[in-house]
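Source file: model30.cif (mmCIF, C-alpha atoms)
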```
data_run
loop_
_atom_site.label_atom_id
_atom_site.label_comp_id
_atom_site.auth_asym_id
_atom_site.auth_seq_id
_atom_site.Cartn_x
_atom_site.Cartn_y
_atom_site.Cartn_z
CA MET N 35 56.98 137.16 47.21
CA GLU N 36 54.07 134.81 46.65
CA ILE N 37 53.09 132.44 49.44
CA THR N 38 52.29 128.97 48.20
CA TRP N 39 49.17 127.04 49.09
CA THR N 40 51.22 124.51 51.06
CA ALA N 41 53.02 127.21 53.03
CA ARG N 42 49.74 128.90 53.97
CA TYR N 43 48.25 125.57 55.00
CA ARG N 44 51.23 124.80 57.21
CA THR N 45 51.48 128.22 58.84
CA SER N 46 47.96 129.69 58.98
CA ALA N 47 45.36 128.24 61.33
CA PRO N 48 42.54 130.42 59.89
CA PHE N 49 43.41 129.20 56.39
CA ARG N 50 43.25 125.56 57.51
CA HIS N 51 39.96 126.18 59.29
CA GLY N 52 38.49 127.83 56.20
CA MET N 53 39.55 124.92 54.01
CA ARG N 54 37.98 122.42 56.42
CA VAL N 55 34.72 124.39 56.47
CA VAL N 56 34.57 124.63 52.68
CA THR N 57 35.41 120.94 52.29
CA ALA N 58 32.72 119.95 54.79
CA ALA N 59 30.15 122.17 53.07
CA TRP N 60 30.90 120.59 49.69
CA GLY N 61 30.72 117.11 51.23
CA VAL N 62 27.31 117.78 52.80
CA ALA N 63 26.00 119.34 49.59
CA LEU N 64 27.12 116.38 47.47
CA ILE N 65 25.64 113.84 49.89
CA LEU N 66 22.32 115.73 49.93
CA ASP N 67 22.40 115.85 46.13
CA ALA N 68 22.89 112.08 45.98
CA VAL N 69 20.02 111.49 48.42
CA VAL N 70 17.66 113.78 46.51
CA ARG N 71 18.55 112.18 43.17
CA THR N 72 18.03 108.69 44.62
CA VAL N 73 14.62 109.62 46.01
CA MET N 74 13.66 111.20 42.69
CA ALA N 75 14.75 108.10 40.79
CA TYR N 76 12.67 105.79 42.97
CA THR N 77 9.59 108.02 43.05
CA ARG N 78 9.61 109.10 39.43
CA GLN N 79 7.54 106.11 38.36
CA GLY N 80 4.94 107.00 40.98
CA LEU N 81 4.69 110.53 39.62
CA ILE N 82 4.10 109.56 35.97
CA GLY N 83 2.24 106.28 36.47
CA THR N 84 3.33 102.81 35.49
CA ARG N 85 5.30 102.14 32.37
CA ASP N 86 2.31 100.43 30.72
CA GLN N 87 0.08 103.42 31.38
CA ALA N 88 2.64 105.76 29.88
CA ILE N 89 2.94 103.60 26.76
CA ASP N 90 -0.83 103.06 26.38
CA ALA N 91 -1.85 106.66 26.99
CA PRO N 92 -0.92 108.05 23.56
CA ALA N 93 -2.45 105.05 21.75
CA SER N 94 -5.76 105.30 23.62
CA ALA N 95 -5.92 109.06 23.03
CA ASN N 96 -5.70 108.55 19.26
CA LYS N 97 -8.46 105.92 19.06
CA THR N 98 -11.66 107.04 17.46
CA GLY N 99 -15.01 105.88 18.26
#
```

Mind converting the file's structure to structure tokens?
Amino acid sequence: MEITWTARYRTSAPFRHGMRVVTAAWGVALILDAVVRTVMAYTRQGLIGTRDQAIDAPASANKTG
């Protein structure tokens, strides 16, 4: 006989504990991901220069003499 997810959750303390740990780990990982992506989004411009510099760079590289 197969034990359902709900039955295991209701009757097994180790199962509930494991689910809480996995849920917390995913929550922390997703929050860290959001923080890292936000920092990257705000610092990206600083890493590649200003928008004008990025647009002017190819044009100035092609100018001759």

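Atom to atom, CA of Thr38 in chain N and CA of His51 in chain N stand 16.8 Å apart.
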
Discussion item. Between CA of Thr40 in chain N and CA of Arg54 in chain N, what is the distance in Å, rounded to a tenth?
Written reply: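 Atom-to-atom, CA of Thr40 in chain N and CA of Arg54 in chain N are spaced 14.4 Å apart.
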
Worksheet, complete the sentence: The distance between CA of Val55 in chain N and CA of Tyr43 in chain N is 13.7 Å
